[in-house]
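File shown: data_35.csv. Contents: CSV, C-alpha atoms.
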```csv
chain,number,residue,atom,x,y,z
A,1,MET,CA,0.0,0.0,0.0
A,2,THR,CA,3.0,2.3,0.4
A,3,SER,CA,5.1,3.8,-2.3
A,4,ALA,CA,8.6,5.2,-1.8
A,5,GLN,CA,9.0,8.8,-2.6
A,6,PRO,CA,12.2,10.8,-3.2
A,7,TYR,CA,13.9,12.0,0.0
A,8,ASP,CA,11.4,9.8,2.0
A,9,ARG,CA,8.7,12.4,1.4
A,10,VAL,CA,5.2,11.8,2.6
A,11,PHE,CA,2.0,12.1,0.6
A,12,ASN,CA,0.9,15.5,1.7
A,13,PHE,CA,-2.9,16.0,1.0
A,14,SER,CA,-2.9,19.4,2.7
A,15,ALA,CA,-5.3,22.0,1.3
A,16,GLY,CA,-2.4,24.5,1.4
A,17,PRO,CA,0.4,25.1,1.3
A,18,CYS,CA,0.7,22.7,-1.6
A,19,THR,CA,3.1,19.9,-2.6
A,20,LEU,CA,5.7,21.4,-4.9
A,21,PRO,CA,7.4,19.5,-7.7
A,22,VAL,CA,10.6,17.8,-6.5
A,23,GLU,CA,12.5,19.0,-9.5
A,24,VAL,CA,11.6,22.6,-8.5
A,25,LEU,CA,12.6,22.1,-4.9
A,26,GLU,CA,15.9,20.7,-6.1
A,27,GLU,CA,16.6,23.6,-8.4
A,28,ALA,CA,15.8,26.1,-5.6
A,29,ARG,CA,18.0,24.2,-3.2
A,30,ASP,CA,20.9,24.2,-5.7
A,31,GLY,CA,20.8,27.9,-6.1
A,32,LEU,CA,20.1,28.8,-2.5
A,33,MET,CA,23.6,29.9,-1.7
A,34,ASN,CA,24.7,31.4,-5.0
A,35,TRP,CA,22.0,32.0,-7.6
A,36,ASN,CA,23.2,32.1,-11.2
A,37,GLY,CA,26.7,33.2,-10.2
A,38,THR,CA,25.4,36.4,-8.4
A,39,GLY,CA,27.1,35.3,-5.2
A,40,ALA,CA,23.8,35.6,-3.3
A,41,SER,CA,20.6,33.8,-2.8
A,42,MET,CA,17.4,35.0,-4.5
A,43,MET,CA,16.2,35.6,-1.0
A,44,GLU,CA,19.1,38.1,-0.5
A,45,LEU,CA,19.1,40.0,-3.9
A,46,SER,CA,17.8,43.5,-4.0
A,47,HIS,CA,14.4,43.8,-5.8
A,48,ARG,CA,16.0,46.8,-7.6
A,49,SER,CA,18.9,44.7,-8.9
A,50,LYS,CA,19.2,43.7,-12.5
A,51,PRO,CA,19.2,40.0,-11.8
A,52,PHE,CA,15.9,40.2,-9.8
A,53,GLU,CA,14.2,42.4,-12.5
A,54,GLN,CA,15.2,39.9,-15.2
A,55,MET,CA,13.9,37.0,-13.1
A,56,LEU,CA,10.6,38.9,-12.6
A,57,GLU,CA,10.2,39.7,-16.3
A,58,GLN,CA,10.9,36.1,-17.2
A,59,THR,CA,8.4,34.8,-14.6
A,60,ILE,CA,5.7,37.1,-16.0
A,61,ALA,CA,6.5,36.0,-19.6
A,62,ASP,CA,6.3,32.3,-18.6
A,63,LEU,CA,3.0,32.8,-16.9
A,64,ARG,CA,1.7,34.6,-20.0
A,65,GLU,CA,2.8,31.7,-22.2
A,66,LEU,CA,1.4,29.1,-19.8
A,67,MET,CA,-2.1,30.7,-19.5
A,68,GLY,CA,-2.2,32.4,-22.9
A,69,ILE,CA,-2.7,35.8,-21.2
A,70,PRO,CA,-3.5,38.5,-23.8
A,71,SER,CA,-1.3,41.6,-24.2
A,72,ASN,CA,-4.1,43.9,-22.8
A,73,TYR,CA,-3.8,42.4,-19.3
A,74,LYS,CA,-1.4,43.2,-16.6
A,75,VAL,CA,0.2,40.6,-14.4
A,76,LEU,CA,0.8,41.6,-10.8
A,77,PHE,CA,2.5,39.8,-7.9
A,78,LEU,CA,1.1,41.2,-4.6
A,79,GLY,CA,1.3,40.3,-0.9
A,80,GLY,CA,-1.6,39.8,1.5
A,81,GLY,CA,-3.0,36.5,0.2
A,82,ALA,CA,-6.1,36.1,-1.9
A,83,SER,CA,-8.1,37.3,1.1
A,84,LEU,CA,-6.7,40.8,0.7
A,85,GLN,CA,-8.1,40.8,-2.9
A,86,PHE,CA,-11.6,40.5,-1.4
A,87,SER,CA,-11.1,44.1,-0.2
A,88,MET,CA,-8.9,45.5,-2.9
A,89,LEU,CA,-11.4,44.4,-5.5
A,90,ALA,CA,-14.2,46.3,-3.9
A,91,MET,CA,-12.0,49.4,-3.3
A,92,ASN,CA,-10.6,49.5,-6.8
A,93,LEU,CA,-13.4,48.4,-9.1
A,94,ARG,CA,-16.6,49.3,-7.2
A,95,PRO,CA,-16.0,52.5,-5.3
A,96,GLN,CA,-19.7,53.4,-6.0
A,97,GLY,CA,-22.5,51.4,-7.6
A,98,SER,CA,-23.2,47.7,-7.3
A,99,ALA,CA,-21.4,44.4,-7.8
A,100,ASP,CA,-22.7,40.9,-8.1
A,101,TYR,CA,-21.4,37.9,-6.2
A,102,VAL,CA,-22.0,34.1,-6.5
A,103,VAL,CA,-21.4,32.2,-3.3
A,104,THR,CA,-20.6,28.5,-3.5
A,105,GLY,CA,-18.6,28.0,-0.4
A,106,THR,CA,-16.5,29.5,2.4
A,107,TRP,CA,-14.3,31.7,0.3
A,108,GLY,CA,-17.1,33.2,-1.8
A,109,SER,CA,-18.9,34.0,1.5
A,110,LYS,CA,-15.8,35.8,2.9
A,111,ALA,CA,-15.5,37.8,-0.3
A,112,VAL,CA,-19.0,39.1,0.2
A,113,GLU,CA,-18.3,40.0,3.8
A,114,ALA,CA,-15.2,42.0,2.8
A,115,ALA,CA,-17.0,43.8,-0.1
A,116,ARG,CA,-19.8,44.9,2.2
A,117,LEU,CA,-17.4,47.0,4.2
A,118,TYR,CA,-17.0,49.5,1.3
A,119,GLY,CA,-19.3,51.9,-0.5
A,120,GLY,CA,-21.8,50.6,-3.0
A,121,GLN,CA,-24.3,47.7,-3.2
A,122,VAL,CA,-23.4,44.0,-3.0
A,123,GLU,CA,-25.9,41.8,-4.7
A,124,VAL,CA,-25.7,38.0,-4.0
A,125,LEU,CA,-27.1,36.4,-7.2
A,126,TYR,CA,-26.8,32.9,-5.8
A,127,ASP,CA,-26.0,31.3,-2.5
A,128,ALA,CA,-25.7,27.5,-2.1
A,129,LYS,CA,-25.6,27.7,1.7
A,130,ALA,CA,-28.9,25.7,2.1
A,131,SER,CA,-27.2,22.6,0.6
A,132,ASN,CA,-24.1,23.2,2.7
A,133,TYR,CA,-22.4,24.2,-0.5
A,134,ASN,CA,-22.4,20.9,-2.4
A,135,HIS,CA,-22.9,22.4,-5.9
A,136,ALA,CA,-22.5,25.4,-8.2
A,137,PRO,CA,-25.0,27.0,-10.4
A,138,VAL,CA,-24.7,27.4,-14.2
A,139,LEU,CA,-23.2,30.8,-14.8
A,140,ALA,CA,-25.2,31.4,-17.9
A,141,ASP,CA,-28.4,31.0,-15.9
A,142,LEU,CA,-27.7,33.9,-13.6
A,143,ALA,CA,-29.1,37.3,-14.3
A,144,PRO,CA,-26.6,40.1,-13.5
A,145,THR,CA,-27.8,43.2,-11.9
A,146,ALA,CA,-28.2,46.2,-14.2
A,147,GLY,CA,-25.2,48.5,-13.9
A,148,ALA,CA,-23.1,46.1,-11.8
A,149,LYS,CA,-19.4,46.8,-12.0
A,150,TYR,CA,-18.5,43.1,-12.0
A,151,LEU,CA,-19.6,39.6,-11.2
A,152,HIS,CA,-17.4,37.7,-8.7
A,153,TYR,CA,-17.3,34.0,-8.2
A,154,THR,CA,-14.9,31.4,-6.8
A,155,SER,CA,-14.1,28.8,-9.5
A,156,ASN,CA,-13.1,26.1,-7.0
A,157,GLU,CA,-14.1,26.1,-3.4
A,158,THR,CA,-11.3,24.4,-1.4
A,159,VAL,CA,-13.3,23.6,1.7
A,160,HIS,CA,-16.3,22.0,0.1
A,161,GLY,CA,-14.7,20.6,-3.0
A,162,VAL,CA,-17.0,22.2,-5.5
A,163,ASP,CA,-15.8,23.4,-9.0
A,164,PHE,CA,-17.9,25.2,-11.7
A,165,PHE,CA,-16.2,23.5,-14.6
A,166,GLU,CA,-17.4,26.2,-17.0
A,167,GLU,CA,-16.2,29.5,-18.2
A,168,PRO,CA,-18.2,32.7,-18.6
A,169,SER,CA,-20.2,33.0,-21.8
A,170,ARG,CA,-21.5,36.6,-21.6
A,171,THR,CA,-19.4,39.4,-23.1
A,172,ASP,CA,-21.4,42.2,-21.4
A,173,VAL,CA,-20.3,41.2,-17.9
A,174,ASN,CA,-17.0,41.9,-16.1
A,175,TYR,CA,-16.3,38.5,-14.6
A,176,VAL,CA,-13.9,38.5,-11.7
A,177,CYS,CA,-12.7,35.0,-10.6
A,178,ASP,CA,-10.9,33.8,-7.5
A,179,MET,CA,-9.0,30.8,-9.0
A,180,SER,CA,-6.8,30.3,-5.9
A,181,SER,CA,-7.3,26.5,-5.7
A,182,ASN,CA,-7.5,25.5,-9.4
A,183,ILE,CA,-5.4,27.9,-11.4
A,184,LEU,CA,-3.0,26.1,-13.7
A,185,SER,CA,-4.9,22.9,-13.3
A,186,ARG,CA,-6.5,23.1,-16.7
A,187,PRO,CA,-6.6,25.5,-19.7
A,188,VAL,CA,-8.7,28.7,-19.3
A,189,ASP,CA,-9.6,31.5,-21.7
A,190,VAL,CA,-8.3,34.5,-19.9
A,191,SER,CA,-10.0,36.9,-22.3
A,192,LYS,CA,-13.4,35.9,-20.9
A,193,TYR,CA,-12.5,37.4,-17.5
A,194,ALA,CA,-12.0,41.0,-16.5
A,195,MET,CA,-9.8,39.9,-13.6
A,196,ILE,CA,-8.4,36.6,-12.2
A,197,TYR,CA,-6.6,36.3,-8.9
A,198,ALA,CA,-5.1,33.5,-7.0
A,199,GLY,CA,-3.0,32.8,-3.9
A,200,ALA,CA,0.1,31.0,-5.0
A,201,GLN,CA,0.1,28.3,-2.3
A,202,LYS,CA,-2.2,25.8,-4.0
A,203,ASN,CA,-0.8,25.2,-7.5
A,204,MET,CA,1.9,27.8,-8.2
A,205,GLY,CA,4.4,28.0,-5.4
A,206,PRO,CA,4.9,28.7,-1.7
A,207,ALA,CA,2.7,30.9,0.4
A,208,GLY,CA,3.4,34.7,0.4
A,209,VAL,CA,2.4,36.0,-3.0
A,210,THR,CA,-0.9,36.4,-4.9
A,211,VAL,CA,-1.1,36.7,-8.7
A,212,VAL,CA,-3.6,39.2,-10.1
A,213,ILE,CA,-4.3,39.2,-13.9
A,214,ILE,CA,-6.3,42.3,-14.7
A,215,ARG,CA,-7.6,43.8,-17.9
A,216,ASP,CA,-6.1,47.2,-18.8
A,217,ASP,CA,-9.3,49.1,-19.1
A,218,LEU,CA,-10.3,48.3,-15.5
A,219,LEU,CA,-7.1,50.1,-14.3
A,220,GLU,CA,-8.3,53.3,-15.9
A,221,SER,CA,-11.3,53.5,-13.7
A,222,VAL,CA,-9.5,53.0,-10.4
A,223,PRO,CA,-10.4,55.9,-8.2
A,224,ALA,CA,-7.7,58.4,-6.9
A,225,GLY,CA,-6.8,58.5,-3.3
A,226,LEU,CA,-6.5,54.8,-2.4
A,227,PRO,CA,-3.8,53.7,0.0
A,228,PRO,CA,-0.8,53.1,-2.3
A,229,MET,CA,-0.3,49.4,-1.4
A,230,LEU,CA,-4.0,48.7,-2.2
A,231,ASP,CA,-4.0,50.5,-5.5
A,232,TYR,CA,-4.1,48.2,-8.6
A,233,LYS,CA,-3.2,51.1,-11.0
A,234,LEU,CA,-0.2,52.2,-8.9
A,235,GLN,CA,1.0,48.6,-8.5
A,236,ALA,CA,0.7,48.0,-12.3
A,237,GLN,CA,2.6,51.3,-13.1
A,238,ASN,CA,5.4,50.0,-10.8
A,239,ASN,CA,5.4,46.4,-12.2
A,240,SER,CA,4.6,45.1,-8.7
A,241,LEU,CA,7.8,46.9,-7.4
A,242,TYR,CA,6.2,49.8,-5.5
A,243,ASN,CA,7.7,48.3,-2.4
A,244,THR,CA,9.7,45.2,-1.7
A,245,PRO,CA,7.6,42.3,-3.1
A,246,PRO,CA,7.6,38.7,-1.9
A,247,CYS,CA,10.8,38.0,-3.7
A,248,TRP,CA,11.4,34.4,-2.9
A,249,SER,CA,7.8,33.4,-3.5
A,250,ILE,CA,7.8,35.0,-6.9
A,251,TYR,CA,11.0,33.3,-7.8
A,252,MET,CA,9.6,29.9,-6.8
A,253,CYS,CA,6.5,30.5,-8.9
A,254,GLY,CA,8.7,31.2,-11.8
A,255,LEU,CA,10.4,27.8,-11.4
A,256,VAL,CA,7.0,26.2,-11.2
A,257,TYR,CA,5.9,27.9,-14.4
A,258,LYS,CA,9.0,26.7,-16.3
A,259,HIS,CA,8.4,23.2,-14.9
A,260,TYR,CA,4.8,23.0,-16.3
A,261,LEU,CA,5.8,24.5,-19.6
A,262,LYS,CA,8.2,21.5,-20.0
A,263,MET,CA,5.5,19.1,-18.9
A,264,GLY,CA,3.0,19.9,-21.7
A,265,GLY,CA,1.5,23.1,-20.4
A,266,LEU,CA,-2.0,23.3,-18.9
A,267,ALA,CA,-3.3,20.6,-21.3
A,268,GLY,CA,-0.8,18.2,-19.8
A,269,ALA,CA,-1.7,19.3,-16.3
A,270,GLU,CA,-5.4,18.7,-17.0
A,271,LYS,CA,-4.7,15.2,-18.3
A,272,ARG,CA,-2.7,14.3,-15.2
A,273,ASN,CA,-5.3,15.8,-12.8
A,274,ASP,CA,-8.1,13.9,-14.4
A,275,ALA,CA,-6.3,10.6,-13.9
A,276,LYS,CA,-5.4,11.4,-10.3
A,277,ALA,CA,-9.0,12.5,-9.3
A,278,ASN,CA,-10.5,9.5,-11.1
A,279,LEU,CA,-8.6,7.1,-8.9
A,280,ILE,CA,-10.1,8.5,-5.7
A,281,TYR,CA,-13.6,9.1,-7.0
A,282,ASP,CA,-13.7,5.6,-8.3
A,283,ALA,CA,-12.9,4.3,-4.8
A,284,ILE,CA,-15.8,6.5,-3.4
A,285,ASP,CA,-18.3,5.4,-6.0
A,286,SER,CA,-17.5,1.7,-6.3
A,287,THR,CA,-17.4,0.8,-2.6
A,288,GLY,CA,-20.6,2.4,-1.5
A,289,PHE,CA,-18.9,3.0,1.8
A,290,TYR,CA,-18.0,6.6,1.3
A,291,LYS,CA,-20.2,9.5,0.5
A,292,GLY,CA,-18.9,12.4,-1.7
A,293,HIS,CA,-19.9,15.8,-0.5
A,294,ALA,CA,-20.2,17.6,-3.9
A,295,GLU,CA,-22.7,16.8,-6.6
A,296,VAL,CA,-21.1,14.7,-9.3
A,297,LYS,CA,-21.2,17.5,-11.9
A,298,ASN,CA,-19.3,19.8,-9.6
A,299,ARG,CA,-16.8,17.4,-8.1
A,300,SER,CA,-13.5,19.2,-7.7
A,301,LYS,CA,-10.4,17.6,-9.1
A,302,MET,CA,-8.2,19.6,-6.7
A,303,ASN,CA,-10.1,19.0,-3.4
A,304,ILE,CA,-11.9,15.7,-3.0
A,305,THR,CA,-14.3,15.8,0.0
A,306,PHE,CA,-16.0,12.7,1.4
A,307,THR,CA,-17.4,11.3,4.6
A,308,LEU,CA,-17.5,7.9,6.3
A,309,PRO,CA,-20.5,6.2,8.0
A,310,SER,CA,-19.4,7.4,11.5
A,311,ASP,CA,-17.0,9.7,13.4
A,312,GLU,CA,-15.4,6.6,14.9
A,313,LEU,CA,-14.6,5.1,11.6
A,314,THR,CA,-13.3,8.5,10.3
A,315,LYS,CA,-10.8,8.6,13.2
A,316,GLU,CA,-9.7,5.1,12.6
A,317,PHE,CA,-9.4,5.8,8.8
A,318,LEU,CA,-7.2,8.9,9.5
A,319,LYS,CA,-5.1,7.1,12.0
A,320,GLY,CA,-4.3,4.3,9.4
A,321,ALA,CA,-3.6,6.9,6.7
A,322,ILE,CA,-1.0,8.6,8.9
A,323,GLU,CA,0.7,5.3,9.5
A,324,ALA,CA,0.9,4.8,5.7
A,325,LYS,CA,2.5,8.3,5.4
A,326,MET,CA,-0.6,10.0,4.0
A,327,LEU,CA,-1.0,13.2,5.9
A,328,GLU,CA,-3.6,16.1,6.2
A,329,LEU,CA,-6.6,14.1,5.1
A,330,ASN,CA,-8.8,15.6,7.8
A,331,GLY,CA,-11.9,17.3,6.4
A,332,HIS,CA,-12.8,20.9,7.2
A,333,ARG,CA,-15.1,21.2,10.3
A,334,SER,CA,-17.9,22.6,8.2
A,335,VAL,CA,-18.1,19.4,6.1
A,336,GLY,CA,-16.5,16.8,8.3
A,337,GLY,CA,-15.1,13.5,7.1
A,338,CYS,CA,-12.0,13.7,4.9
A,339,ARG,CA,-10.5,15.9,2.2
A,340,ALA,CA,-7.8,14.9,-0.2
A,341,SER,CA,-6.2,17.9,-1.9
A,342,ILE,CA,-4.3,16.8,-4.9
A,343,TYR,CA,-3.0,19.9,-6.6
A,344,ASN,CA,-0.9,19.8,-9.8
A,345,ALA,CA,2.4,18.6,-8.2
A,346,PHE,CA,0.8,15.9,-6.1
A,347,PRO,CA,2.1,12.6,-7.4
A,348,ILE,CA,-0.3,10.1,-9.0
A,349,GLU,CA,1.3,7.4,-6.8
A,350,GLY,CA,-0.2,9.0,-3.8
A,351,CYS,CA,-3.7,8.9,-5.3
A,352,GLN,CA,-3.2,5.2,-6.1
A,353,VAL,CA,-2.1,4.5,-2.5
A,354,LEU,CA,-5.1,6.4,-1.1
A,355,SER,CA,-7.5,4.6,-3.5
A,356,ASP,CA,-6.1,1.2,-2.5
A,357,TYR,CA,-6.3,2.1,1.2
A,358,MET,CA,-9.9,3.3,0.8
A,359,ARG,CA,-10.9,0.1,-0.8
A,360,GLU,CA,-9.2,-2.0,1.8
A,361,PHE,CA,-10.7,0.0,4.7
A,362,ALA,CA,-14.2,-0.2,3.2
A,363,ALA,CA,-13.9,-4.0,2.7
A,364,LYS,CA,-12.8,-4.4,6.3
A,365,ASN,CA,-15.4,-2.1,7.9
A,366,GLY,CA,-18.3,-2.0,5.4
```

Taking this structure as input, can you express it in the form of structure tokens?
Amino acid sequence: MTSAQPYDRVFNFSAGPCTLPVEVLEEARDGLMNWNGTGASMMELSHRSKPFEQMLEQTIADLRELMGIPSNYKVLFLGGGASLQFSMLAMNLRPQGSADYVVTGTWGSKAVEAARLYGGQVEVLYDAKASNYNHAPVLADLAPTAGAKYLHYTSNETVHGVDFFEEPSRTDVNYVCDMSSNILSRPVDVSKYAMIYAGAQKNMGPAGVTVVIIRDDLLESVPAGLPPMLDYKLQAQNNSLYNTPPCWSIYMCGLVYKHYLKMGGLAGAEKRNDAKANLIYDAIDSTGFYKGHAEVKNRSKMNITFTLPSDELTKEFLKGAIEAKMLELNGHRSVGGCRASIYNAFPIEGCQVLSDYMREFAAKNG
């Protein structure tokens, strides 16, 4: 049931920070003391130095290539986590007027809470709370509010394991998407969004940096007088270098981007993620012992949530998983049971080990 991993690594099913590619970790390790002959680590180089600026430009270029980001979008690397974007979004893009929100889980709900602290109306077009967030609506079925500045939704809810699996179809709506937990997991058409943002620590790199991809015309409407650190327009004018950025985290993201470009881009990532998720969902469906939280059509391929028949069996299941070097399978308290987060770099061997363990446990206790 166990599978040896490089450096005796465990299978880390944590919802974040994520598992990183071993190849990327090795490259970062090898350059830790003297990066590219500079005589210093990337953690030590000035963000005003030529080597750092070159690294930043290459990182932006690689992300543009990986995601197919059009030229009329800016790429920003900001601090504060994706949660800070809940507030920055409202401050920058909806100083007055209204904005629409779709709530399919914990993070969408928090985005609404933050937006309501600032001027203007917040309209919740859809809230799946009554079902304990086990599904997502069809975007095309939602009727945006007249005059709304944007429509915000979370493409993949980490806590509940719910994914939309669709992209916006309307061209008259400014869609803003929190892609924190499924960015880079499959191809997306960036041109369908007014803005995309994501914390790095799920699929792109270590915690500490958030990527914002924002269409140029939105920057023109940013109001004057915002705090400098919370001003998208100012950050874009300074290429994310208004102050010292999260240098190491940006560098690590750049290594991850290069890694995935070599691995077949986002089409390759999607194929691997489908295979990984299928192993675990097959174990859920075929045994009849486990119950998936999300409706089948919205089952996340990044965060697989499921419950067992009792709390006692859940505790026993988790204990056995730890003994088999499978960690962080505890479900969030709002859902209970278990959650297997299998972001891009999570090895398929770990999914196979978990699938086998789930089948054995079900046969023994079912």

Item checked: From A:Leu329, A:Ala294, A:Leu266, A:Ala277, residue lying nearest Gly68 (chain A) [only C-alpha atoms] ->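 Result for the nearest residue to Gly68 (chain A): A:Leu266.
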
Closest atom pairs, residues of region 65-111 of chain A within 7 Å of region 181-194 of chain A, all atoms listed in the file, as a Markdown table:
```
| residue | atom | partner | partner_atom | distance |
| --- | --- | --- | --- | --- |
| A:Met67 | CA | A:Pro187 | CA | 6.9 |
| A:Ile69 | CA | A:Val190 | CA | 5.9 |
| A:Pro70 | CA | A:Ser191 | CA | 6.9 |
```

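Proximity to Asp141 (chain A) at 12 Å, evaluated using all atoms listed in the file and with sequence-adjacent residues fewer than 6 positions away removed, yields Val102, Leu125, Tyr126, Pro168, Ser169 and Arg170 of chain A.
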
Next item on the list: May I ask for the distance between CA of Phe164 (chain A) and CA of Lys258 (chain A), given in Å to one decimal place?
Entry: 27.3 Å

Next item on the list: Enter the distance from CA of Trp107 (chain A) to CA of Glu157 (chain A), in Å, rounded to one decimal.
Entry: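 Computing the Euclidean distance for CA of Trp107 (chain A) and CA of Glu157 (chain A) yields 6.7 Å.
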
Checklist line | Atomic separation - CA of Gly265 (chain A) relative to CA of Gln58 (chain A), Å | finding: 16.4 Å

Item checked: Among listed residues A:Thr38, A:Thr145, A:Gln96, A:Asn203, nearest Lys50 (chain A) (using only C-alpha atoms) ->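 For Lys50 (chain A), the nearest of the candidates is A:Thr38.
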
Check: Of the candidates A:Phe165, A:Phe361, A:Tyr150, A:Tyr242, which shows the shortest atom-to-atom distance to Leu218 (chain A), using all atoms listed in the file?
Finding: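 The shortest atom-to-atom distance to Leu218 (chain A) comes from A:Tyr150.
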
Item checked: Pick from A:Asn174, A:Ser300, A:Gln5, A:Ser249 nearest to Ile196 (chain A), counting all atoms listed in the file ->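 With all atoms listed in the file as the atom set, the closest residue is A:Asn174.
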
Next item on the list: Select all residues near (-17.5, 45.6, -11.4) (cut-off 8 Å, inclusive, file coordinates), counting all atoms listed in the file, and output them as a count of residues only.
Entry: 12

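Considering all atoms listed in the file, the residue among A:Ala4, A:Ala345, A:Leu255, A:Pro95 positioned nearest to Val122 (chain A) is A:Pro95.
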
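Proximity ranking of A:Leu261, A:Ile342, A:Ala140, A:Ala82 relative to Ala207 (chain A) places A:Ala82 first, based on all atoms listed in the file.
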
Next item on the list: Using all atoms listed in the file, give me every residue within 12 Å of (-14.2, 5.7, 10.5) in file coordinates, as a list in words.
Entry: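 Protein and nucleic acid residues near the point are Phe289, Tyr290, Phe306, Thr307, Leu308, Pro309, Ser310, Asp311, Glu312, Leu313, Thr314, Lys315, Glu316, Phe317, Leu318, Lys319, Gly320, Ala321, Asn330, Gly336, Gly337, Cys338, Met358, Phe361, Ala362, Lys364, Asn365 and Gly366 of chain A.
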
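By chain and then residue number, the residues within 9 Å of Gly205 (chain A) are Pro17, Cys18, Thr19, Leu20, Gly199, Ala200, Gln201, Val209, Ser249, Ile250, Tyr251, Met252, Cys253, Gly254, Leu255 and Val256 of chain A, counting all atoms listed in the file and disregarding those fewer than 4 positions away in sequence.
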
Produce the centre coordinates and the three edge lengths, each in Å to one decimal, of the box along x, y and z that contains all listed atoms of region 255-262 of chain A with 6 Å added on each side, as lines of an AutoDock Vina configuration file.
```
center_x = 7.6
center_y = 24.7
center_z = -15.6
size_x = 17.6
size_y = 18.4
size_z = 20.8
```
